[in-house]
$ cat work_25.pdb   # PDB, C-alpha atoms
ATOM      1  CA  ASN A  28       0.917 -13.863 -18.487  1.00  0.00           C
ATOM      2  CA  ALA A  29       4.567 -14.096 -19.534  1.00  0.00           C
ATOM      3  CA  GLY A  30       5.797 -15.231 -16.076  1.00  0.00           C
ATOM      4  CA  VAL A  31       9.491 -14.485 -15.533  1.00  0.00           C
ATOM      5  CA  THR A  32      11.301 -13.128 -18.577  1.00  0.00           C
ATOM      6  CA  GLN A  33      15.076 -13.090 -18.804  1.00  0.00           C
ATOM      7  CA  THR A  34      17.132 -11.406 -21.489  1.00  0.00           C
ATOM      8  CA  PRO A  35      19.413 -12.077 -23.204  1.00  0.00           C
ATOM      9  CA  LYS A  36      19.407 -15.878 -23.511  1.00  0.00           C
ATOM     10  CA  PHE A  37      23.055 -16.010 -24.547  1.00  0.00           C
ATOM     11  CA  GLN A  38      25.928 -13.543 -24.173  1.00  0.00           C
ATOM     12  CA  VAL A  39      29.662 -13.577 -24.736  1.00  0.00           C
ATOM     13  CA  LEU A  40      31.711 -10.909 -22.987  1.00  0.00           C
ATOM     14  CA  LYS A  41      35.356 -10.005 -22.949  1.00  0.00           C
ATOM     15  CA  THR A  42      37.143  -9.818 -19.624  1.00  0.00           C
ATOM     16  CA  GLY A  43      36.602  -6.388 -18.099  1.00  0.00           C
ATOM     17  CA  GLN A  44      33.399  -5.574 -19.961  1.00  0.00           C
ATOM     18  CA  SER A  45      30.245  -4.729 -18.085  1.00  0.00           C
ATOM     19  CA  MET A  46      26.704  -5.757 -18.835  1.00  0.00           C
ATOM     20  CA  THR A  47      23.244  -6.044 -17.320  1.00  0.00           C
ATOM     21  CA  LEU A  48      21.143  -9.189 -17.273  1.00  0.00           C
ATOM     22  CA  GLN A  49      17.479  -8.297 -17.333  1.00  0.00           C
ATOM     23  CA  CYS A  50      14.733  -9.988 -15.358  1.00  0.00           C
ATOM     24  CA  ALA A  51      11.076  -8.993 -15.394  1.00  0.00           C
ATOM     25  CA  GLN A  52       7.981 -10.639 -13.952  1.00  0.00           C
ATOM     26  CA  ASP A  53       4.329  -9.762 -14.497  1.00  0.00           C
ATOM     27  CA  MET A  54       2.820 -11.754 -11.622  1.00  0.00           C
ATOM     28  CA  ASN A  55       3.061  -9.019  -8.967  1.00  0.00           C
ATOM     29  CA  HIS A  56       5.585 -11.145  -7.104  1.00  0.00           C
ATOM     30  CA  GLU A  57       7.130  -9.487  -4.088  1.00  0.00           C
ATOM     31  CA  TYR A  58      10.268 -11.604  -3.889  1.00  0.00           C
ATOM     32  CA  MET A  59      12.886 -11.848  -6.655  1.00  0.00           C
ATOM     33  CA  SER A  60      16.309 -13.442  -6.746  1.00  0.00           C
ATOM     34  CA  TRP A  61      19.282 -14.261  -8.945  1.00  0.00           C
ATOM     35  CA  TYR A  62      21.088 -17.593  -8.981  1.00  0.00           C
ATOM     36  CA  ARG A  63      24.034 -18.923 -10.892  1.00  0.00           C
ATOM     37  CA  GLN A  64      24.328 -22.532 -11.906  1.00  0.00           C
ATOM     38  CA  ASP A  65      27.709 -24.173 -12.330  1.00  0.00           C
ATOM     39  CA  PRO A  66      28.429 -27.858 -12.977  1.00  0.00           C
ATOM     40  CA  GLY A  67      28.375 -29.892  -9.777  1.00  0.00           C
ATOM     41  CA  MET A  68      27.423 -26.894  -7.656  1.00  0.00           C
ATOM     42  CA  GLY A  69      23.668 -26.609  -8.035  1.00  0.00           C
ATOM     43  CA  LEU A  70      22.052 -23.178  -7.840  1.00  0.00           C
ATOM     44  CA  ARG A  71      23.887 -20.588  -5.760  1.00  0.00           C
ATOM     45  CA  LEU A  72      22.148 -17.422  -4.607  1.00  0.00           C
ATOM     46  CA  ILE A  73      23.768 -14.173  -5.783  1.00  0.00           C
ATOM     47  CA  HIS A  74      21.356 -11.437  -4.623  1.00  0.00           C
ATOM     48  CA  TYR A  75      17.725 -11.259  -3.653  1.00  0.00           C
ATOM     49  CA  SER A  76      15.021  -8.684  -3.030  1.00  0.00           C
ATOM     50  CA  VAL A  77      11.954  -8.869  -0.788  1.00  0.00           C
ATOM     51  CA  GLY A  78      10.307  -5.866  -2.398  1.00  0.00           C
ATOM     52  CA  ALA A  79      10.874  -2.667  -4.350  1.00  0.00           C
ATOM     53  CA  GLY A  80      13.754  -0.685  -2.901  1.00  0.00           C
ATOM     54  CA  ILE A  81      15.070  -3.591  -0.795  1.00  0.00           C
ATOM     55  CA  THR A  82      17.948  -5.860  -1.820  1.00  0.00           C
ATOM     56  CA  ASP A  83      20.345  -8.129   0.029  1.00  0.00           C
ATOM     57  CA  GLN A  84      23.320 -10.368  -0.669  1.00  0.00           C
ATOM     58  CA  GLY A  85      23.195 -14.108  -1.124  1.00  0.00           C
ATOM     59  CA  GLU A  86      25.965 -16.712  -1.038  1.00  0.00           C
ATOM     60  CA  VAL A  87      28.101 -15.406  -3.928  1.00  0.00           C
ATOM     61  CA  PRO A  88      27.512 -11.629  -4.339  1.00  0.00           C
ATOM     62  CA  ASN A  89      31.022 -10.475  -5.253  1.00  0.00           C
ATOM     63  CA  GLY A  90      31.296  -8.922  -8.709  1.00  0.00           C
ATOM     64  CA  TYR A  91      27.544  -8.370  -9.053  1.00  0.00           C
ATOM     65  CA  ASN A  92      25.218  -5.457  -8.295  1.00  0.00           C
ATOM     66  CA  VAL A  93      21.435  -5.352  -8.211  1.00  0.00           C
ATOM     67  CA  SER A  94      18.708  -2.795  -7.757  1.00  0.00           C
ATOM     68  CA  ARG A  95      14.931  -3.044  -7.434  1.00  0.00           C
ATOM     69  CA  SER A  96      13.290   0.208  -8.404  1.00  0.00           C
ATOM     70  CA  THR A  97       9.981  -1.429  -9.383  1.00  0.00           C
ATOM     71  CA  THR A  98       8.133  -4.577  -8.324  1.00  0.00           C
ATOM     72  CA  GLU A  99       8.435  -5.984 -11.846  1.00  0.00           C
ATOM     73  CA  ASP A 100      12.145  -5.619 -12.623  1.00  0.00           C
ATOM     74  CA  PHE A 101      15.286  -6.951 -10.959  1.00  0.00           C
ATOM     75  CA  PRO A 102      18.373  -6.424 -13.169  1.00  0.00           C
ATOM     76  CA  LEU A 103      21.732  -8.011 -12.385  1.00  0.00           C
ATOM     77  CA  ARG A 104      24.832  -5.989 -13.271  1.00  0.00           C
ATOM     78  CA  LEU A 105      28.280  -7.388 -13.875  1.00  0.00           C
ATOM     79  CA  LEU A 106      30.633  -4.486 -13.267  1.00  0.00           C
ATOM     80  CA  SER A 107      33.837  -5.917 -14.751  1.00  0.00           C
ATOM     81  CA  ALA A 108      33.338  -9.394 -16.156  1.00  0.00           C
ATOM     82  CA  ALA A 109      35.796 -12.139 -15.243  1.00  0.00           C
ATOM     83  CA  PRO A 110      36.135 -15.678 -16.646  1.00  0.00           C
ATOM     84  CA  SER A 111      35.015 -16.997 -13.227  1.00  0.00           C
ATOM     85  CA  GLN A 112      31.604 -15.460 -13.952  1.00  0.00           C
ATOM     86  CA  THR A 113      31.060 -17.801 -16.896  1.00  0.00           C
ATOM     87  CA  SER A 114      27.866 -19.558 -15.846  1.00  0.00           C
ATOM     88  CA  VAL A 115      24.161 -19.955 -16.447  1.00  0.00           C
ATOM     89  CA  TYR A 116      22.147 -17.329 -14.599  1.00  0.00           C
ATOM     90  CA  PHE A 117      18.577 -17.830 -13.435  1.00  0.00           C
ATOM     91  CA  CYS A 118      16.156 -15.268 -12.138  1.00  0.00           C
ATOM     92  CA  ALA A 119      13.347 -16.508  -9.889  1.00  0.00           C
ATOM     93  CA  SER A 120      10.395 -14.879  -8.186  1.00  0.00           C
ATOM     94  CA  SER A 121       7.724 -15.809  -5.690  1.00  0.00           C
ATOM     95  CA  TYR A 122       4.497 -14.220  -4.495  1.00  0.00           C
ATOM     96  CA  SER A 123       5.361 -14.342  -0.818  1.00  0.00           C
ATOM     97  CA  ARG A 124       3.107 -11.705   0.662  1.00  0.00           C
ATOM     98  CA  VAL A 125       3.006 -13.499   3.985  1.00  0.00           C
ATOM     99  CA  LEU A 126       4.513 -16.982   3.768  1.00  0.00           C
ATOM    100  CA  ARG A 127       7.713 -15.972   2.029  1.00  0.00           C
ATOM    101  CA  GLY A 128       9.730 -19.083   2.674  1.00  0.00           C
ATOM    102  CA  ALA A 129       6.876 -21.369   1.653  1.00  0.00           C
ATOM    103  CA  SER A 130       5.977 -19.639  -1.605  1.00  0.00           C
ATOM    104  CA  VAL A 131       6.708 -21.542  -4.808  1.00  0.00           C
ATOM    105  CA  TYR A 132       9.407 -20.079  -7.031  1.00  0.00           C
ATOM    106  CA  THR A 133       8.842 -19.349 -10.715  1.00  0.00           C
ATOM    107  CA  PHE A 134      12.051 -19.413 -12.725  1.00  0.00           C
ATOM    108  CA  GLY A 135      13.064 -17.616 -15.883  1.00  0.00           C
ATOM    109  CA  SER A 136      14.535 -19.536 -18.803  1.00  0.00           C
ATOM    110  CA  GLY A 137      18.119 -18.637 -17.964  1.00  0.00           C
ATOM    111  CA  THR A 138      20.971 -16.621 -19.477  1.00  0.00           C
ATOM    112  CA  ARG A 139      24.068 -18.474 -20.601  1.00  0.00           C
ATOM    113  CA  LEU A 140      27.040 -16.139 -20.132  1.00  0.00           C
ATOM    114  CA  THR A 141      30.570 -16.801 -21.353  1.00  0.00           C
ATOM    115  CA  VAL A 142      33.425 -14.503 -20.385  1.00  0.00           C
ATOM    116  CA  VAL A 143      36.550 -14.859 -22.513  1.00  0.00           C
TER     117      VAL A 143
ATOM    118  CA  ILE B   2      24.315 -19.765   5.126  1.00  0.00           C
ATOM    119  CA  LEU B   3      22.438 -23.074   5.071  1.00  0.00           C
ATOM    120  CA  ASN B   4      24.106 -26.225   3.850  1.00  0.00           C
ATOM    121  CA  VAL B   5      21.690 -28.369   1.872  1.00  0.00           C
ATOM    122  CA  GLU B   6      22.983 -31.748   0.738  1.00  0.00           C
ATOM    123  CA  GLN B   7      21.434 -34.172  -1.723  1.00  0.00           C
ATOM    124  CA  SER B   8      22.270 -37.783  -2.393  1.00  0.00           C
ATOM    125  CA  PRO B   9      22.970 -39.562  -4.567  1.00  0.00           C
ATOM    126  CA  GLN B  10      24.452 -37.103  -7.057  1.00  0.00           C
ATOM    127  CA  SER B  11      23.244 -39.223  -9.969  1.00  0.00           C
ATOM    128  CA  LEU B  12      21.169 -42.324 -10.469  1.00  0.00           C
ATOM    129  CA  HIS B  13      20.535 -44.646 -13.415  1.00  0.00           C
ATOM    130  CA  VAL B  14      17.495 -46.931 -13.222  1.00  0.00           C
ATOM    131  CA  GLN B  15      15.487 -49.110 -15.576  1.00  0.00           C
ATOM    132  CA  GLU B  16      11.968 -48.210 -16.627  1.00  0.00           C
ATOM    133  CA  GLY B  17       9.550 -49.514 -14.025  1.00  0.00           C
ATOM    134  CA  ASP B  18      11.985 -49.331 -11.115  1.00  0.00           C
ATOM    135  CA  SER B  19      11.037 -47.342  -8.043  1.00  0.00           C
ATOM    136  CA  THR B  20      13.631 -45.006  -6.611  1.00  0.00           C
ATOM    137  CA  ASN B  21      14.195 -42.440  -3.910  1.00  0.00           C
ATOM    138  CA  PHE B  22      16.511 -39.524  -3.190  1.00  0.00           C
ATOM    139  CA  THR B  23      17.549 -37.811   0.017  1.00  0.00           C
ATOM    140  CA  CYS B  24      17.798 -34.151   0.912  1.00  0.00           C
ATOM    141  CA  SER B  25      19.365 -33.127   4.234  1.00  0.00           C
ATOM    142  CA  PHE B  26      19.203 -29.613   5.648  1.00  0.00           C
ATOM    143  CA  PRO B  27      19.915 -27.816   8.915  1.00  0.00           C
ATOM    144  CA  SER B  28      16.947 -28.297  11.211  1.00  0.00           C
ATOM    145  CA  SER B  29      17.534 -25.137  13.246  1.00  0.00           C
ATOM    146  CA  ASN B  30      15.240 -22.229  12.343  1.00  0.00           C
ATOM    147  CA  PHE B  31      13.646 -24.347   9.591  1.00  0.00           C
ATOM    148  CA  TYR B  32      10.793 -22.737   7.653  1.00  0.00           C
ATOM    149  CA  ALA B  33      10.086 -24.691   4.463  1.00  0.00           C
ATOM    150  CA  LEU B  34      11.469 -27.397   2.169  1.00  0.00           C
ATOM    151  CA  HIS B  35      10.970 -27.222  -1.589  1.00  0.00           C
ATOM    152  CA  TRP B  36      11.405 -29.860  -4.313  1.00  0.00           C
ATOM    153  CA  TYR B  37      11.850 -28.857  -7.965  1.00  0.00           C
ATOM    154  CA  ARG B  38      12.137 -30.872 -11.158  1.00  0.00           C
ATOM    155  CA  TRP B  39      14.599 -29.584 -13.741  1.00  0.00           C
ATOM    156  CA  GLU B  40      14.644 -30.974 -17.252  1.00  0.00           C
ATOM    157  CA  THR B  41      17.554 -30.294 -19.567  1.00  0.00           C
ATOM    158  CA  ALA B  42      17.264 -26.988 -21.450  1.00  0.00           C
ATOM    159  CA  LYS B  43      14.253 -25.948 -19.366  1.00  0.00           C
ATOM    160  CA  SER B  44      13.690 -24.044 -16.137  1.00  0.00           C
ATOM    161  CA  PRO B  45      13.153 -25.712 -12.757  1.00  0.00           C
ATOM    162  CA  GLU B  46       9.503 -26.394 -12.001  1.00  0.00           C
ATOM    163  CA  ALA B  47       8.017 -26.774  -8.540  1.00  0.00           C
ATOM    164  CA  LEU B  48       6.947 -30.205  -7.315  1.00  0.00           C
ATOM    165  CA  PHE B  49       6.263 -29.714  -3.616  1.00  0.00           C
ATOM    166  CA  VAL B  50       6.585 -27.233  -0.779  1.00  0.00           C
ATOM    167  CA  MET B  51       6.429 -28.678   2.731  1.00  0.00           C
ATOM    168  CA  THR B  52       6.531 -26.913   6.059  1.00  0.00           C
ATOM    169  CA  LEU B  53       5.335 -29.250   8.817  1.00  0.00           C
ATOM    170  CA  ASN B  54       7.179 -32.140  10.409  1.00  0.00           C
ATOM    171  CA  GLY B  55       5.683 -35.365   9.087  1.00  0.00           C
ATOM    172  CA  ASP B  56       4.289 -33.695   5.959  1.00  0.00           C
ATOM    173  CA  GLU B  57       3.710 -36.027   3.040  1.00  0.00           C
ATOM    174  CA  LYS B  58       2.900 -34.762  -0.440  1.00  0.00           C
ATOM    175  CA  LYS B  59       1.986 -36.705  -3.571  1.00  0.00           C
ATOM    176  CA  LYS B  60       1.675 -35.854  -7.257  1.00  0.00           C
ATOM    177  CA  GLY B  61       0.961 -38.832  -9.464  1.00  0.00           C
ATOM    178  CA  ARG B  62       3.812 -41.315  -9.057  1.00  0.00           C
ATOM    179  CA  ILE B  63       5.992 -38.852  -7.153  1.00  0.00           C
ATOM    180  CA  SER B  64       5.771 -38.340  -3.419  1.00  0.00           C
ATOM    181  CA  ALA B  65       7.827 -36.641  -0.720  1.00  0.00           C
ATOM    182  CA  THR B  66       8.151 -36.777   3.052  1.00  0.00           C
ATOM    183  CA  LEU B  67       9.594 -34.329   5.558  1.00  0.00           C
ATOM    184  CA  ASN B  68      11.322 -34.755   8.918  1.00  0.00           C
ATOM    185  CA  THR B  69      12.161 -31.335  10.323  1.00  0.00           C
ATOM    186  CA  LYS B  70      13.464 -32.622  13.660  1.00  0.00           C
ATOM    187  CA  GLU B  71      16.294 -34.579  12.071  1.00  0.00           C
ATOM    188  CA  GLY B  72      16.595 -32.379   8.977  1.00  0.00           C
ATOM    189  CA  TYR B  73      15.837 -34.620   6.019  1.00  0.00           C
ATOM    190  CA  SER B  74      13.342 -35.110   3.217  1.00  0.00           C
ATOM    191  CA  TYR B  75      12.853 -38.040   0.857  1.00  0.00           C
ATOM    192  CA  LEU B  76      11.539 -37.894  -2.705  1.00  0.00           C
ATOM    193  CA  TYR B  77      10.084 -41.132  -4.062  1.00  0.00           C
ATOM    194  CA  ILE B  78       9.302 -42.036  -7.665  1.00  0.00           C
ATOM    195  CA  LYS B  79       7.198 -45.161  -8.143  1.00  0.00           C
ATOM    196  CA  GLY B  80       7.517 -47.063 -11.422  1.00  0.00           C
ATOM    197  CA  SER B  81      10.015 -44.702 -13.081  1.00  0.00           C
ATOM    198  CA  GLN B  82       9.366 -43.730 -16.691  1.00  0.00           C
ATOM    199  CA  PRO B  83      11.848 -42.274 -19.246  1.00  0.00           C
ATOM    200  CA  GLU B  84      10.031 -38.940 -18.986  1.00  0.00           C
ATOM    201  CA  ASP B  85      11.014 -38.802 -15.301  1.00  0.00           C
ATOM    202  CA  SER B  86      14.626 -38.295 -16.398  1.00  0.00           C
ATOM    203  CA  ALA B  87      15.635 -34.926 -14.954  1.00  0.00           C
ATOM    204  CA  THR B  88      17.574 -33.286 -12.152  1.00  0.00           C
ATOM    205  CA  TYR B  89      15.649 -33.083  -8.896  1.00  0.00           C
ATOM    206  CA  LEU B  90      16.514 -30.138  -6.678  1.00  0.00           C
ATOM    207  CA  CYS B  91      15.643 -29.589  -3.073  1.00  0.00           C
ATOM    208  CA  ALA B  92      15.902 -26.230  -1.345  1.00  0.00           C
ATOM    209  CA  SER B  93      15.441 -25.080   2.218  1.00  0.00           C
ATOM    210  CA  SER B  94      14.484 -21.744   3.680  1.00  0.00           C
ATOM    211  CA  SER B  95      15.181 -20.675   7.240  1.00  0.00           C
ATOM    212  CA  GLY B  96      13.192 -17.895   8.771  1.00  0.00           C
ATOM    213  CA  ASN B  97      10.567 -16.161   6.698  1.00  0.00           C
ATOM    214  CA  THR B  98      12.774 -14.226   4.278  1.00  0.00           C
ATOM    215  CA  GLY B  99      11.801 -16.165   1.159  1.00  0.00           C
ATOM    216  CA  LYS B 100      15.463 -16.906   0.559  1.00  0.00           C
ATOM    217  CA  LEU B 101      15.997 -20.468  -0.704  1.00  0.00           C
ATOM    218  CA  ILE B 102      19.277 -22.344  -0.509  1.00  0.00           C
ATOM    219  CA  PHE B 103      19.483 -25.190  -3.006  1.00  0.00           C
ATOM    220  CA  GLY B 104      21.225 -28.514  -2.844  1.00  0.00           C
ATOM    221  CA  GLN B 105      23.383 -29.723  -5.724  1.00  0.00           C
ATOM    222  CA  GLY B 106      20.618 -31.869  -7.163  1.00  0.00           C
ATOM    223  CA  THR B 107      20.160 -35.541  -7.996  1.00  0.00           C
ATOM    224  CA  THR B 108      20.224 -36.366 -11.704  1.00  0.00           C
ATOM    225  CA  LEU B 109      17.985 -39.282 -12.621  1.00  0.00           C
ATOM    226  CA  GLN B 110      18.321 -41.194 -15.878  1.00  0.00           C
ATOM    227  CA  VAL B 111      15.595 -43.740 -16.640  1.00  0.00           C
ATOM    228  CA  LYS B 112      16.462 -46.244 -19.354  1.00  0.00           C
ATOM    229  CA  PRO B 113      13.631 -47.697 -21.468  1.00  0.00           C
TER     230      PRO B 113
END

$ encode --input "work_25.pdb" --output "structure tokens"
Amino acid sequence: NAGVTQTPKFQVLKTGQSMTLQCAQDMNHEYMSWYRQDPGMGLRLIHYSVGAGITDQGEVPNGYNVSRSTTEDFPLRLLSAAPSQTSVYFCASSYSRVLRGASVYTFGSGTRLTVV
Amino acid sequence: ILNVEQSPQSLHVQEGDSTNFTCSFPSSNFYALHWYRWETAKSPEALFVMTLNGDEKKKGRISATLNTKEGYSYLYIKGSQPEDSATYLCASSSGNTGKLIFGQGTTLQVKP
């Protein structure tokens, strides 16, 4: 099993460009989420999904879109990149069929994004 | 939105020292408390998930306790080793949505 796969690992964008960060898991996990990690701020939740076709906003959703058309994939779209979106992005998933809040998260390896 | 706080922000100890960190979280509508270990250039890895007041979990030299009534959890490391150097994250979920809110982390540096 590959676990949670994130691509790309590194990306540099110009202000105003758009891009999609990919996240895929092969563990049949119901719950998937995107976090950003900034120095001194820990992991902040951007968007999450409790199953295919269902998404919701986290703490810092502005400037990002998500969709969940399949159980396996949860892409994060930056519509018009801004320097404030320079960060490390982590995708995480958990099995959570019943005990959602108590299910262990599996994290991807992260995407380091720089917006210039 | 939950507010999860961790202290201290960073800690430097000598090899062999025992240490502990604190995680505080809102106790209302509490569902679960998670601890993760995050080494530099790697992804966070789960240590413990606790749900019941008074829960105690142990993995080798690392243990954790949970007090849901007052909204805090302690992580203990006995006899710290250089390989314990990492950032330790706690996260709390309220309700059964699966949504985790993370604290800022405690970065531990163990000197040989």

$ residues_around --input "work_25.pdb" --residues "region 82-96 of chain A" --least-positions-apart "3" --cutoff "9 Å" --atoms "all atoms listed in the file" --output "list of chain:residue names"
A:Ser60, A:Trp61, A:Tyr62, A:Arg63, A:Arg71, A:Leu72, A:Ile73, A:His74, A:Tyr75, A:Ser76, A:Val77, A:Gly78, A:Ala79, A:Glu99, A:Asp100, A:Phe101, A:Pro102, A:Leu103, A:Arg104, A:Leu105, A:Leu106, A:Ser107, A:Ala108, A:Ala109, A:Gln112, B:Ile2, B:Lys100, B:Ile102

$ write_last_selection --input "work_25.pdb" --atoms "C-alpha atoms" --output "short mmCIF file (atom, residue, chain, number, x, y, z; two decimals), in the coordinates of the input"
data_model
loop_
_atom_site.label_atom_id
_atom_site.label_comp_id
_atom_site.auth_asym_id
_atom_site.auth_seq_id
_atom_site.Cartn_x
_atom_site.Cartn_y
_atom_site.Cartn_z
CA SER A 60 16.31 -13.44 -6.75
CA TRP A 61 19.28 -14.26 -8.94
CA TYR A 62 21.09 -17.59 -8.98
CA ARG A 63 24.03 -18.92 -10.89
CA ARG A 71 23.89 -20.59 -5.76
CA LEU A 72 22.15 -17.42 -4.61
CA ILE A 73 23.77 -14.17 -5.78
CA HIS A 74 21.36 -11.44 -4.62
CA TYR A 75 17.73 -11.26 -3.65
CA SER A 76 15.02 -8.68 -3.03
CA VAL A 77 11.95 -8.87 -0.79
CA GLY A 78 10.31 -5.87 -2.40
CA ALA A 79 10.87 -2.67 -4.35
CA GLU A 99 8.44 -5.98 -11.85
CA ASP A 100 12.14 -5.62 -12.62
CA PHE A 101 15.29 -6.95 -10.96
CA PRO A 102 18.37 -6.42 -13.17
CA LEU A 103 21.73 -8.01 -12.38
CA ARG A 104 24.83 -5.99 -13.27
CA LEU A 105 28.28 -7.39 -13.88
CA LEU A 106 30.63 -4.49 -13.27
CA SER A 107 33.84 -5.92 -14.75
CA ALA A 108 33.34 -9.39 -16.16
CA ALA A 109 35.80 -12.14 -15.24
CA GLN A 112 31.60 -15.46 -13.95
CA ILE B 2 24.32 -19.76 5.13
CA LYS B 100 15.46 -16.91 0.56
CA ILE B 102 19.28 -22.34 -0.51
#

$ resolve_selection --input "work_25.pdb" --expression "the PyMOL selection byres ((chain A) within 10 of (chain B))" --output "JSON, numbers by chain"
{"A": [57, 58, 59, 60, 62, 64, 65, 66, 67, 68, 69, 70, 71, 72, 74, 75, 76, 77, 85, 86, 117, 118, 119, 120, 121, 122, 123, 124, 125, 126, 127, 128, 129, 130, 131, 132, 133, 134, 135, 136, 137]}

$ closest_residue --input "work_25.pdb" --among "A:Ser114, A:Thr42, A:Gln33, A:Thr97" --to "Val143 (chain A)" --atoms "all atoms listed in the file"
A:Thr42

$ resolve_selection --input "work_25.pdb" --expression "the PyMOL selection byres ((chain B and resi 11) around 8)" --output "PyMOL selection string"
chain B and resi 8-10+12-13+107-110

$ write_last_selection --input "work_25.pdb" --atoms "C-alpha atoms" --output "mmCIF file, keeping the file's coordinate frame"
data_model
loop_
_atom_site.group_PDB
_atom_site.id
_atom_site.type_symbol
_atom_site.label_atom_id
_atom_site.label_comp_id
_atom_site.auth_asym_id
_atom_site.auth_seq_id
_atom_site.Cartn_x
_atom_site.Cartn_y
_atom_site.Cartn_z
ATOM 1 C CA SER B 8 22.270 -37.783 -2.393
ATOM 2 C CA PRO B 9 22.970 -39.562 -4.567
ATOM 3 C CA GLN B 10 24.452 -37.103 -7.057
ATOM 4 C CA LEU B 12 21.169 -42.324 -10.469
ATOM 5 C CA HIS B 13 20.535 -44.646 -13.415
ATOM 6 C CA THR B 107 20.160 -35.541 -7.996
ATOM 7 C CA THR B 108 20.224 -36.366 -11.704
ATOM 8 C CA LEU B 109 17.985 -39.282 -12.621
ATOM 9 C CA GLN B 110 18.321 -41.194 -15.878
#

$ atom_distance --input "work_25.pdb" --atom1 "CA of Leu48 (chain A)" --atom2 "CA of Glu40 (chain B)"
22.7 Å

$ atom_distance --input "work_25.pdb" --atom1 "CA of Gly17 (chain B)" --atom2 "CA of Trp39 (chain B)"
20.6 Å

$ axis_aligned_box --input "work_25.pdb" --around "region 44-61 of chain A" --padding-each-side "4 Å" --output "JSON"
{"center_x": 18.1, "center_y": -9.5, "center_z": -11.9, "size_x": 38.6, "size_y": 17.5, "size_z": 24.1}

$ atom_distance --input "work_25.pdb" --atom1 "CA of Thr98 (chain A)" --atom2 "CA of Gln38 (chain A)"
25.5 Å

$ closest_residue --input "work_25.pdb" --among "A:Ile81, A:Leu140, A:Met54, A:Val115" --to "Leu40 (chain A)" --atoms "only C-alpha atoms"
A:Leu140

$ resolve_selection --input "work_25.pdb" --expression "the PyMOL selection byres ((chain B and resi 84) around 10)" --output "mmCIF file with C-alpha atoms, in the frame of the given file"
data_model
loop_
_atom_site.group_PDB
_atom_site.id
_atom_site.type_symbol
_atom_site.label_atom_id
_atom_site.label_comp_id
_atom_site.auth_asym_id
_atom_site.auth_seq_id
_atom_site.Cartn_x
_atom_site.Cartn_y
_atom_site.Cartn_z
ATOM 1 C CA GLU B 16 11.968 -48.210 -16.627
ATOM 2 C CA GLU B 40 14.644 -30.974 -17.252
ATOM 3 C CA SER B 81 10.015 -44.702 -13.081
ATOM 4 C CA GLN B 82 9.366 -43.730 -16.691
ATOM 5 C CA PRO B 83 11.848 -42.274 -19.246
ATOM 6 C CA ASP B 85 11.014 -38.802 -15.301
ATOM 7 C CA SER B 86 14.626 -38.295 -16.398
ATOM 8 C CA ALA B 87 15.635 -34.926 -14.954
ATOM 9 C CA GLN B 110 18.321 -41.194 -15.878
ATOM 10 C CA VAL B 111 15.595 -43.740 -16.640
ATOM 11 C CA LYS B 112 16.462 -46.244 -19.354
ATOM 12 C CA PRO B 113 13.631 -47.697 -21.468
#

$ decode --input "work_25.pdb" --residues "region 74-82 of chain A" --atoms "N, CA, C and O atoms" --output "PDB file, in the first residue's frame"
ATOM      1  N   HIS A  74      -9.579  22.599   4.298  1.00  0.00           N
ATOM      2  CA  HIS A  74     -10.848  21.971   3.923  1.00  0.00           C
ATOM      3  C   HIS A  74     -10.795  20.508   4.330  1.00  0.00           C
ATOM      4  O   HIS A  74      -9.716  19.940   4.466  1.00  0.00           O
ATOM      5  N   TYR A  75     -11.967  19.916   4.478  1.00  0.00           N
ATOM      6  CA  TYR A  75     -12.009  18.499   4.788  1.00  0.00           C
ATOM      7  C   TYR A  75     -13.217  17.859   4.113  1.00  0.00           C
ATOM      8  O   TYR A  75     -14.132  18.553   3.632  1.00  0.00           O
ATOM      9  N   SER A  76     -13.192  16.533   4.080  1.00  0.00           N
ATOM     10  CA  SER A  76     -14.273  15.784   3.432  1.00  0.00           C
ATOM     11  C   SER A  76     -14.541  14.520   4.235  1.00  0.00           C
ATOM     12  O   SER A  76     -13.607  13.801   4.594  1.00  0.00           O
ATOM     13  N   VAL A  77     -15.816  14.260   4.519  1.00  0.00           N
ATOM     14  CA  VAL A  77     -16.177  13.056   5.277  1.00  0.00           C
ATOM     15  C   VAL A  77     -16.600  11.909   4.362  1.00  0.00           C
ATOM     16  O   VAL A  77     -16.976  10.840   4.847  1.00  0.00           O
ATOM     17  N   GLY A  78     -16.532  12.128   3.068  1.00  0.00           N
ATOM     18  CA  GLY A  78     -16.848  11.070   2.126  1.00  0.00           C
ATOM     19  C   GLY A  78     -17.006  11.645   0.727  1.00  0.00           C
ATOM     20  O   GLY A  78     -17.068  12.871   0.553  1.00  0.00           O
ATOM     21  N   ALA A  79     -17.060  10.775  -0.261  1.00  0.00           N
ATOM     22  CA  ALA A  79     -17.196  11.222  -1.646  1.00  0.00           C
ATOM     23  C   ALA A  79     -18.426  12.103  -1.799  1.00  0.00           C
ATOM     24  O   ALA A  79     -19.509  11.770  -1.311  1.00  0.00           O
ATOM     25  N   GLY A  80     -18.236  13.241  -2.446  1.00  0.00           N
ATOM     26  CA  GLY A  80     -19.318  14.174  -2.696  1.00  0.00           C
ATOM     27  C   GLY A  80     -19.608  15.151  -1.577  1.00  0.00           C
ATOM     28  O   GLY A  80     -20.468  16.026  -1.713  1.00  0.00           O
ATOM     29  N   ILE A  81     -18.879  15.040  -0.460  1.00  0.00           N
ATOM     30  CA  ILE A  81     -19.123  15.894   0.712  1.00  0.00           C
ATOM     31  C   ILE A  81     -17.840  16.604   1.108  1.00  0.00           C
ATOM     32  O   ILE A  81     -16.831  15.954   1.386  1.00  0.00           O
ATOM     33  N   THR A  82     -17.871  17.943   1.106  1.00  0.00           N
ATOM     34  CA  THR A  82     -16.712  18.712   1.565  1.00  0.00           C
ATOM     35  C   THR A  82     -17.188  19.830   2.484  1.00  0.00           C
ATOM     36  O   THR A  82     -18.361  20.222   2.447  1.00  0.00           O
TER      37      THR A  82
END
